[in-house]
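Coordinates as given in entry_8.pdb (PDB, C-alpha atoms, pLDDT in the B column):
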ATOM      1  CA  MET A1304      41.441  65.299  32.546  1.00 90.00           C
ATOM      2  CA  GLU A1305      38.000  64.743  31.060  1.00 93.00           C
ATOM      3  CA  PHE A1306      37.424  68.511  30.993  1.00 96.00           C
ATOM      4  CA  SER A1307      40.585  69.061  28.920  1.00 97.00           C
ATOM      5  CA  ILE A1308      39.742  66.300  26.459  1.00 97.00           C
ATOM      6  CA  ASP A1309      36.199  67.641  26.157  1.00 96.00           C
ATOM      7  CA  THR A1310      37.641  71.087  25.403  1.00 97.00           C
ATOM      8  CA  THR A1311      39.731  69.562  22.618  1.00 98.00           C
ATOM      9  CA  TYR A1312      36.647  67.824  21.249  1.00 98.00           C
ATOM     10  CA  LYS A1313      34.720  71.123  21.145  1.00 98.00           C
ATOM     11  CA  THR A1314      37.556  72.924  19.357  1.00 98.00           C
ATOM     12  CA  ARG A1315      37.710  70.104  16.834  1.00 98.00           C
ATOM     13  CA  LYS A1316      33.958  70.343  16.203  1.00 98.00           C
ATOM     14  CA  ILE A1317      34.550  73.936  15.113  1.00 98.00           C
ATOM     15  CA  LEU A1318      37.500  72.912  12.934  1.00 98.00           C
ATOM     16  CA  ASP A1319      35.414  70.125  11.409  1.00 98.00           C
ATOM     17  CA  GLY A1320      32.855  72.732  10.355  1.00 98.00           C
ATOM     18  CA  PHE A1321      35.475  74.319   8.109  1.00 98.00           C
ATOM     19  CA  LEU A1322      36.257  70.950   6.521  1.00 98.00           C
ATOM     20  CA  GLU A1323      32.563  70.283   6.004  1.00 98.00           C
ATOM     21  CA  ASN A1324      31.547  73.682   4.635  1.00 97.00           C
ATOM     22  CA  LEU A1325      34.496  74.893   2.572  1.00 98.00           C
ATOM     23  CA  SER A1326      35.371  73.673  -0.918  1.00 97.00           C
ATOM     24  CA  LEU A1327      38.589  71.858  -1.750  1.00 98.00           C
ATOM     25  CA  GLU A1328      39.822  75.028  -3.425  1.00 97.00           C
ATOM     26  CA  GLN A1329      39.133  77.045  -0.274  1.00 97.00           C
ATOM     27  CA  LEU A1330      40.817  74.459   1.961  1.00 98.00           C
ATOM     28  CA  ASN A1331      43.882  74.331  -0.327  1.00 98.00           C
ATOM     29  CA  THR A1332      44.432  78.058  -0.917  1.00 98.00           C
ATOM     30  CA  VAL A1333      47.387  79.709   0.816  1.00 97.00           C
ATOM     31  CA  PRO A1334      46.656  83.438   1.032  1.00 96.00           C
ATOM     32  CA  PRO A1335      49.354  86.073   0.560  1.00 95.00           C
ATOM     33  CA  ASN A1336      51.513  86.544   3.672  1.00 93.00           C
ATOM     34  CA  PHE A1337      50.590  83.100   5.041  1.00 96.00           C
ATOM     35  CA  ARG A1338      52.750  79.961   4.913  1.00 94.00           C
ATOM     36  CA  ASN A1339      49.964  77.404   5.029  1.00 97.00           C
ATOM     37  CA  ASN A1340      46.313  76.820   4.216  1.00 98.00           C
ATOM     38  CA  ILE A1341      43.251  75.852   6.219  1.00 98.00           C
ATOM     39  CA  PHE A1342      43.686  72.125   5.592  1.00 98.00           C
ATOM     40  CA  TRP A1343      47.327  72.220   6.728  1.00 98.00           C
ATOM     41  CA  ASN A1344      46.432  73.984   9.985  1.00 98.00           C
ATOM     42  CA  ILE A1345      43.753  71.439  10.851  1.00 98.00           C
ATOM     43  CA  LYS A1346      45.910  68.423   9.961  1.00 98.00           C
ATOM     44  CA  HIS A1347      48.765  70.019  11.913  1.00 98.00           C
ATOM     45  CA  VAL A1348      46.726  70.005  15.146  1.00 98.00           C
ATOM     46  CA  VAL A1349      46.042  66.278  14.727  1.00 98.00           C
ATOM     47  CA  VAL A1350      49.722  65.544  14.098  1.00 98.00           C
ATOM     48  CA  THR A1351      50.889  67.727  16.979  1.00 98.00           C
ATOM     49  CA  GLN A1352      48.494  66.090  19.442  1.00 98.00           C
ATOM     50  CA  GLN A1353      49.853  62.687  18.477  1.00 98.00           C
ATOM     51  CA  LEU A1354      53.443  63.879  18.864  1.00 98.00           C
ATOM     52  CA  LEU A1355      52.866  65.595  22.220  1.00 98.00           C
ATOM     53  CA  VAL A1356      50.695  62.919  23.785  1.00 98.00           C
ATOM     54  CA  TYR A1357      51.763  59.617  22.225  1.00 98.00           C
ATOM     55  CA  ASN A1358      55.269  60.065  20.861  1.00 98.00           C
ATOM     56  CA  LEU A1359      56.590  61.778  23.993  1.00 98.00           C
ATOM     57  CA  SER A1360      54.941  59.049  26.088  1.00 98.00           C
ATOM     58  CA  GLY A1361      56.859  56.419  24.139  1.00 98.00           C
ATOM     59  CA  LEU A1362      53.668  55.053  22.576  1.00 98.00           C
ATOM     60  CA  PRO A1363      53.000  54.470  18.865  1.00 98.00           C
ATOM     61  CA  MET A1364      51.202  57.226  17.011  1.00 98.00           C
ATOM     62  CA  ALA A1365      48.125  56.425  14.933  1.00 97.00           C
ATOM     63  CA  LEU A1366      49.446  58.310  11.886  1.00 98.00           C
ATOM     64  CA  THR A1367      51.757  57.447   9.020  1.00 97.00           C
ATOM     65  CA  GLU A1368      55.309  58.756   8.846  1.00 97.00           C
ATOM     66  CA  ASN A1369      54.287  60.778   5.773  1.00 97.00           C
ATOM     67  CA  GLU A1370      51.438  62.438   7.679  1.00 98.00           C
ATOM     68  CA  VAL A1371      53.763  63.395  10.511  1.00 98.00           C
ATOM     69  CA  ALA A1372      56.496  64.665   8.176  1.00 98.00           C
ATOM     70  CA  GLY A1373      54.053  66.673   6.076  1.00 97.00           C
ATOM     71  CA  TYR A1374      52.271  68.446   8.924  1.00 98.00           C
ATOM     72  CA  ARG A1375      54.642  68.676  11.886  1.00 97.00           C
ATOM     73  CA  LYS A1376      56.070  71.933  13.205  1.00 96.00           C
ATOM     74  CA  GLY A1377      58.182  73.630  10.546  1.00 95.00           C
ATOM     75  CA  SER A1378      56.517  71.941   7.569  1.00 97.00           C
ATOM     76  CA  GLN A1379      54.469  73.742   4.975  1.00 94.00           C
ATOM     77  CA  VAL A1380      52.071  73.042   2.130  1.00 96.00           C
ATOM     78  CA  THR A1381      53.652  71.110  -0.724  1.00 92.00           C
ATOM     79  CA  GLY A1382      50.556  70.633  -2.883  1.00 95.00           C
ATOM     80  CA  ASP A1383      46.797  70.392  -2.926  1.00 97.00           C
ATOM     81  CA  VAL A1384      44.909  67.682  -1.069  1.00 98.00           C
ATOM     82  CA  ASP A1385      41.921  65.794  -2.456  1.00 98.00           C
ATOM     83  CA  GLN A1386      38.536  64.931  -0.985  1.00 98.00           C
ATOM     84  CA  GLN A1387      39.839  61.600   0.277  1.00 98.00           C
ATOM     85  CA  ALA A1388      42.411  63.433   2.439  1.00 98.00           C
ATOM     86  CA  VAL A1389      39.691  65.731   3.782  1.00 98.00           C
ATOM     87  CA  ASP A1390      37.447  62.766   4.607  1.00 98.00           C
ATOM     88  CA  LEU A1391      40.309  61.020   6.418  1.00 98.00           C
ATOM     89  CA  LEU A1392      41.106  64.143   8.429  1.00 98.00           C
ATOM     90  CA  ARG A1393      37.455  64.561   9.444  1.00 98.00           C
ATOM     91  CA  LYS A1394      37.533  61.020  10.867  1.00 98.00           C
ATOM     92  CA  GLN A1395      40.915  61.501  12.544  1.00 98.00           C
ATOM     93  CA  LEU A1396      39.778  64.657  14.339  1.00 98.00           C
ATOM     94  CA  PHE A1397      37.483  62.573  16.520  1.00 98.00           C
ATOM     95  CA  SER A1398      38.634  58.946  16.315  1.00 98.00           C
ATOM     96  CA  LEU A1399      42.139  59.797  17.514  1.00 98.00           C
ATOM     97  CA  LEU A1400      40.743  61.891  20.337  1.00 97.00           C
ATOM     98  CA  ASP A1401      38.422  59.031  21.335  1.00 98.00           C
ATOM     99  CA  LYS A1402      41.480  56.749  21.353  1.00 98.00           C
ATOM    100  CA  THR A1403      43.361  59.214  23.542  1.00 98.00           C
ATOM    101  CA  ARG A1404      40.488  59.311  26.032  1.00 98.00           C
ATOM    102  CA  ALA A1405      40.308  55.499  26.141  1.00 98.00           C
ATOM    103  CA  ASP A1406      44.080  55.083  26.428  1.00 98.00           C
ATOM    104  CA  TYR A1407      44.236  57.703  29.177  1.00 98.00           C
ATOM    105  CA  ASN A1408      41.486  55.942  31.121  1.00 97.00           C
ATOM    106  CA  LYS A1409      43.389  52.644  30.744  1.00 98.00           C
ATOM    107  CA  GLY A1410      46.460  54.273  32.311  1.00 97.00           C
ATOM    108  CA  LEU A1411      48.667  53.749  29.261  1.00 98.00           C
ATOM    109  CA  PHE A1412      50.473  57.093  29.629  1.00 98.00           C
ATOM    110  CA  SER A1413      52.807  56.077  32.441  1.00 96.00           C
ATOM    111  CA  ARG A1414      56.033  57.551  31.017  1.00 97.00           C
ATOM    112  CA  TYR A1415      56.765  60.952  29.492  1.00 98.00           C
ATOM    113  CA  LYS A1416      59.881  62.470  27.932  1.00 98.00           C
ATOM    114  CA  GLU A1417      60.071  66.109  29.009  1.00 98.00           C
ATOM    115  CA  TYR A1418      59.761  68.538  26.128  1.00 98.00           C
ATOM    116  CA  THR A1419      60.056  72.317  25.983  1.00 98.00           C
ATOM    117  CA  VAL A1420      57.564  73.850  23.559  1.00 96.00           C
ATOM    118  CA  THR A1421      58.050  77.015  21.496  1.00 93.00           C
ATOM    119  CA  THR A1422      56.528  79.201  24.224  1.00 94.00           C
ATOM    120  CA  GLY A1423      59.287  78.092  26.616  1.00 96.00           C
ATOM    121  CA  THR A1424      57.000  75.915  28.734  1.00 96.00           C
ATOM    122  CA  THR A1425      58.373  72.494  29.613  1.00 98.00           C
ATOM    123  CA  LEU A1426      55.874  69.653  29.489  1.00 98.00           C
ATOM    124  CA  THR A1427      56.680  67.031  32.116  1.00 98.00           C
ATOM    125  CA  ASP A1428      53.754  64.613  31.891  1.00 98.00           C
ATOM    126  CA  VAL A1429      50.839  63.662  29.676  1.00 98.00           C
ATOM    127  CA  ASP A1430      48.371  65.796  31.641  1.00 98.00           C
ATOM    128  CA  GLU A1431      50.414  68.904  30.865  1.00 98.00           C
ATOM    129  CA  ALA A1432      50.703  67.800  27.234  1.00 98.00           C
ATOM    130  CA  ILE A1433      46.929  67.466  26.895  1.00 98.00           C
ATOM    131  CA  GLU A1434      46.397  70.856  28.520  1.00 98.00           C
ATOM    132  CA  PHE A1435      49.038  72.554  26.367  1.00 98.00           C
ATOM    133  CA  ASN A1436      47.552  70.911  23.292  1.00 98.00           C
ATOM    134  CA  ASN A1437      44.329  72.864  23.881  1.00 98.00           C
ATOM    135  CA  PHE A1438      46.283  76.127  23.760  1.00 98.00           C
ATOM    136  CA  HIS A1439      47.965  74.950  20.555  1.00 98.00           C
ATOM    137  CA  GLU A1440      44.696  73.916  18.892  1.00 98.00           C
ATOM    138  CA  GLY A1441      43.107  77.249  19.841  1.00 98.00           C
ATOM    139  CA  LEU A1442      46.029  79.066  18.246  1.00 98.00           C
ATOM    140  CA  HIS A1443      45.539  77.177  15.004  1.00 98.00           C
ATOM    141  CA  LEU A1444      41.780  77.709  15.113  1.00 98.00           C
ATOM    142  CA  GLY A1445      42.679  81.407  15.103  1.00 98.00           C
ATOM    143  CA  TYR A1446      44.918  80.889  12.072  1.00 98.00           C
ATOM    144  CA  VAL A1447      42.119  79.065  10.262  1.00 98.00           C
ATOM    145  CA  MET A1448      39.714  81.930  10.941  1.00 98.00           C
ATOM    146  CA  ALA A1449      42.334  84.476   9.815  1.00 97.00           C
ATOM    147  CA  ILE A1450      42.993  82.575   6.563  1.00 98.00           C
ATOM    148  CA  LYS A1451      39.272  82.330   5.869  1.00 97.00           C
ATOM    149  CA  ARG A1452      38.904  86.058   6.429  1.00 97.00           C
ATOM    150  CA  ALA A1453      42.026  86.869   4.356  1.00 96.00           C
ATOM    151  CA  LEU A1454      40.541  84.934   1.437  1.00 94.00           C
ATOM    152  CA  GLY A1455      37.170  86.655   1.764  1.00 92.00           C
ATOM    153  CA  TYR A1456      35.180  83.517   2.578  1.00 84.00           C
TER
END

Rewritten as structure tokens:
Amino acid sequence: MEFSIDTTYKTRKILDGFLENLSLEQLNTVPPNFRNNIFWNIKHVVVTQQLLVYNLSGLPMALTENEVAGYRKGSQVTGDVDQQAVDLLRKQLFSLLDKTRADYNKGLFSRYKEYTVTTGTTLTDVDEAIEFNNFHEGLHLGYVMAIKRALGY
């Protein structure tokens, strides 16, 4: 499983580069024909990982209810975020992944509630959830790159 978690880490390093190098205006802009902005897509991957790995394992998530509600599947941008939100997200990208690695190595993911994702794949255990999460994060990395390009950045 270390390979899969390392893959997630590498994807998040790329996503973190957008948070580091783009302005608040660029992170908050929703281009025409898109539903969400760059910030939303990056926060969404953090929320989704927590839902797929922790929530479906019956373990507490390390996010607030407001974070989950604002960035889960089906949500969309409701307003601009500030630098404090960006700074928090930059920390969460890696601290929550480090926690997942540690919790996995401790054997905390002993239960899992099966869940069928949008693609029709049914996740039956935490290993499958972590692997599927990489597909999901790659998809949203693509959205982030498309938004950046659509806005001419």

Q. Hey, which of A:Gln1352, A:Leu1318, A:Lys1451, A:Glu1323 ends up closest to Ala1432 in chain A? Count all atoms listed in the file.
A.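 Once distances to Ala1432 in chain A are computed over all atoms listed in the file, the minimum belongs to A:Gln1352.
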
Q) Do you know which residues the PyMOL selection byres ((chain A and resi 1430) around 10) returns on this file, as a ChimeraX atom specification? A) /A:1304,1307,1356,1407,1412,1415,1426-1429,1431-1436

Q: Rank A:Val1380, A:Leu1322, A:Leu1327, A:Ala1372 by their smallest atom-to-atom distance to Ile1345 in chain A, using only C-alpha atoms, and report the top residue only.
A: A:Leu1322

Q: Step by step, work through what the PyMOL selection byres ((chain A and resi 1399-1404) around 10) selects in the shown file, and finish by giving those residues as a ChimeraX atom specification.
A: /A:1304-1305,1308-1309,1311-1312,1315,1349,1352-1353,1356-1357,1364-1366,1394-1398,1405-1409,1411-1412,1433

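Minimum atom-to-atom distances from A:Asp1390, A:Met1448, A:Gly1377, A:Glu1440 to Thr1310 in chain A were compared using all atoms listed in the file, and the lowest value belongs to A:Glu1440.
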
Q. For the atom pair CA of Tyr1374 in chain A and CA of Leu1362 in chain A, what is the interatomic distance in Å to one decimal place?
A.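 Computing it gives 19.2 Å between the two atoms.
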
(Q) For the PyMOL selection byres ((chain A and resi 1336) around 12), applied here, can you spell out every residue it catches as a ChimeraX atom specification? (A) /A:1332-1335,1337-1340,1449-1450,1453-1454

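If you look at CA of Ser1326 in chain A and CA of Lys1346 in chain A, they are 16.0 Å away from each other.
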
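Going from CA of Gly1441 in chain A to CA of Thr1314 in chain A covers 7.1 Å.
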
Q. For Val1348 in chain A, which residue among A:Tyr1456, A:Thr1424, A:Lys1376, A:Tyr1418 is the nearest when counting only C-alpha atoms?
A.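 The answer is A:Lys1376, which sits nearest to Val1348 in chain A.
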
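Closest approach to Asn1437 in chain A among A:Asn1324, A:Leu1355, A:Leu1391, A:Phe1342: A:Leu1355, based on all atoms listed in the file.
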
Reconstructed range 1380-1391 of chain A, atom set all heavy atoms, as a compact mmCIF listing (two decimals), in the coordinates of the input:
# COMPACT_ATOMS: atom_id res chain seq x y z
N VAL A 1380 52.83 73.63 3.24
CA VAL A 1380 52.07 73.04 2.13
C VAL A 1380 53.00 72.72 0.97
O VAL A 1380 53.82 73.56 0.57
CB VAL A 1380 50.96 74.02 1.67
CG1 VAL A 1380 50.30 73.53 0.41
CG2 VAL A 1380 49.93 74.21 2.77
N THR A 1381 52.86 71.50 0.44
CA THR A 1381 53.65 71.11 -0.72
C THR A 1381 52.78 70.85 -1.95
O THR A 1381 53.30 70.62 -3.03
CB THR A 1381 54.49 69.84 -0.42
OG1 THR A 1381 53.59 68.79 -0.03
CG2 THR A 1381 55.49 70.11 0.69
N GLY A 1382 51.47 70.87 -1.77
CA GLY A 1382 50.56 70.63 -2.88
C GLY A 1382 49.14 70.55 -2.37
O GLY A 1382 48.89 70.59 -1.16
N ASP A 1383 48.21 70.46 -3.29
CA ASP A 1383 46.80 70.39 -2.93
C ASP A 1383 46.43 69.00 -2.42
O ASP A 1383 47.02 68.00 -2.84
CB ASP A 1383 45.91 70.73 -4.14
CG ASP A 1383 45.94 72.20 -4.49
OD1 ASP A 1383 46.51 73.01 -3.72
OD2 ASP A 1383 45.39 72.55 -5.55
N VAL A 1384 45.46 68.95 -1.54
CA VAL A 1384 44.91 67.68 -1.07
C VAL A 1384 43.58 67.43 -1.79
O VAL A 1384 42.95 68.35 -2.30
CB VAL A 1384 44.70 67.67 0.47
CG1 VAL A 1384 46.03 67.82 1.18
CG2 VAL A 1384 43.72 68.74 0.90
N ASP A 1385 43.18 66.16 -1.81
CA ASP A 1385 41.92 65.79 -2.46
C ASP A 1385 40.84 65.50 -1.41
O ASP A 1385 41.10 65.56 -0.21
CB ASP A 1385 42.12 64.59 -3.40
CG ASP A 1385 42.65 63.36 -2.70
OD1 ASP A 1385 42.58 63.27 -1.44
OD2 ASP A 1385 43.13 62.45 -3.39
N GLN A 1386 39.66 65.18 -1.89
CA GLN A 1386 38.54 64.93 -0.98
C GLN A 1386 38.80 63.74 -0.07
O GLN A 1386 38.37 63.74 1.09
CB GLN A 1386 37.24 64.73 -1.78
CG GLN A 1386 36.00 64.67 -0.91
CD GLN A 1386 35.76 65.94 -0.10
OE1 GLN A 1386 35.83 67.03 -0.66
NE2 GLN A 1386 35.49 65.81 1.18
N GLN A 1387 39.52 62.77 -0.55
CA GLN A 1387 39.84 61.60 0.28
C GLN A 1387 40.66 62.02 1.50
O GLN A 1387 40.42 61.55 2.61
CB GLN A 1387 40.61 60.57 -0.55
CG GLN A 1387 40.91 59.29 0.19
CD GLN A 1387 41.62 58.26 -0.69
OE1 GLN A 1387 41.86 58.47 -1.87
NE2 GLN A 1387 41.98 57.15 -0.07
N ALA A 1388 41.60 62.93 1.31
CA ALA A 1388 42.41 63.43 2.44
C ALA A 1388 41.55 64.21 3.43
O ALA A 1388 41.73 64.11 4.65
CB ALA A 1388 43.55 64.30 1.92
N VAL A 1389 40.60 64.98 2.92
CA VAL A 1389 39.69 65.73 3.78
C VAL A 1389 38.82 64.77 4.58
O VAL A 1389 38.65 64.93 5.80
CB VAL A 1389 38.82 66.71 2.96
CG1 VAL A 1389 37.77 67.37 3.84
CG2 VAL A 1389 39.70 67.76 2.28
N ASP A 1390 38.29 63.75 3.92
CA ASP A 1390 37.45 62.77 4.61
C ASP A 1390 38.22 62.04 5.71
O ASP A 1390 37.71 61.82 6.81
CB ASP A 1390 36.88 61.75 3.61
CG ASP A 1390 35.90 62.38 2.62
OD1 ASP A 1390 35.40 63.50 2.88
OD2 ASP A 1390 35.65 61.75 1.57
N LEU A 1391 39.47 61.68 5.42
CA LEU A 1391 40.31 61.02 6.42
C LEU A 1391 40.54 61.95 7.62
O LEU A 1391 40.41 61.52 8.77
CB LEU A 1391 41.65 60.61 5.81
CG LEU A 1391 42.69 60.06 6.80
CD1 LEU A 1391 42.18 58.78 7.46
CD2 LEU A 1391 44.02 59.84 6.09
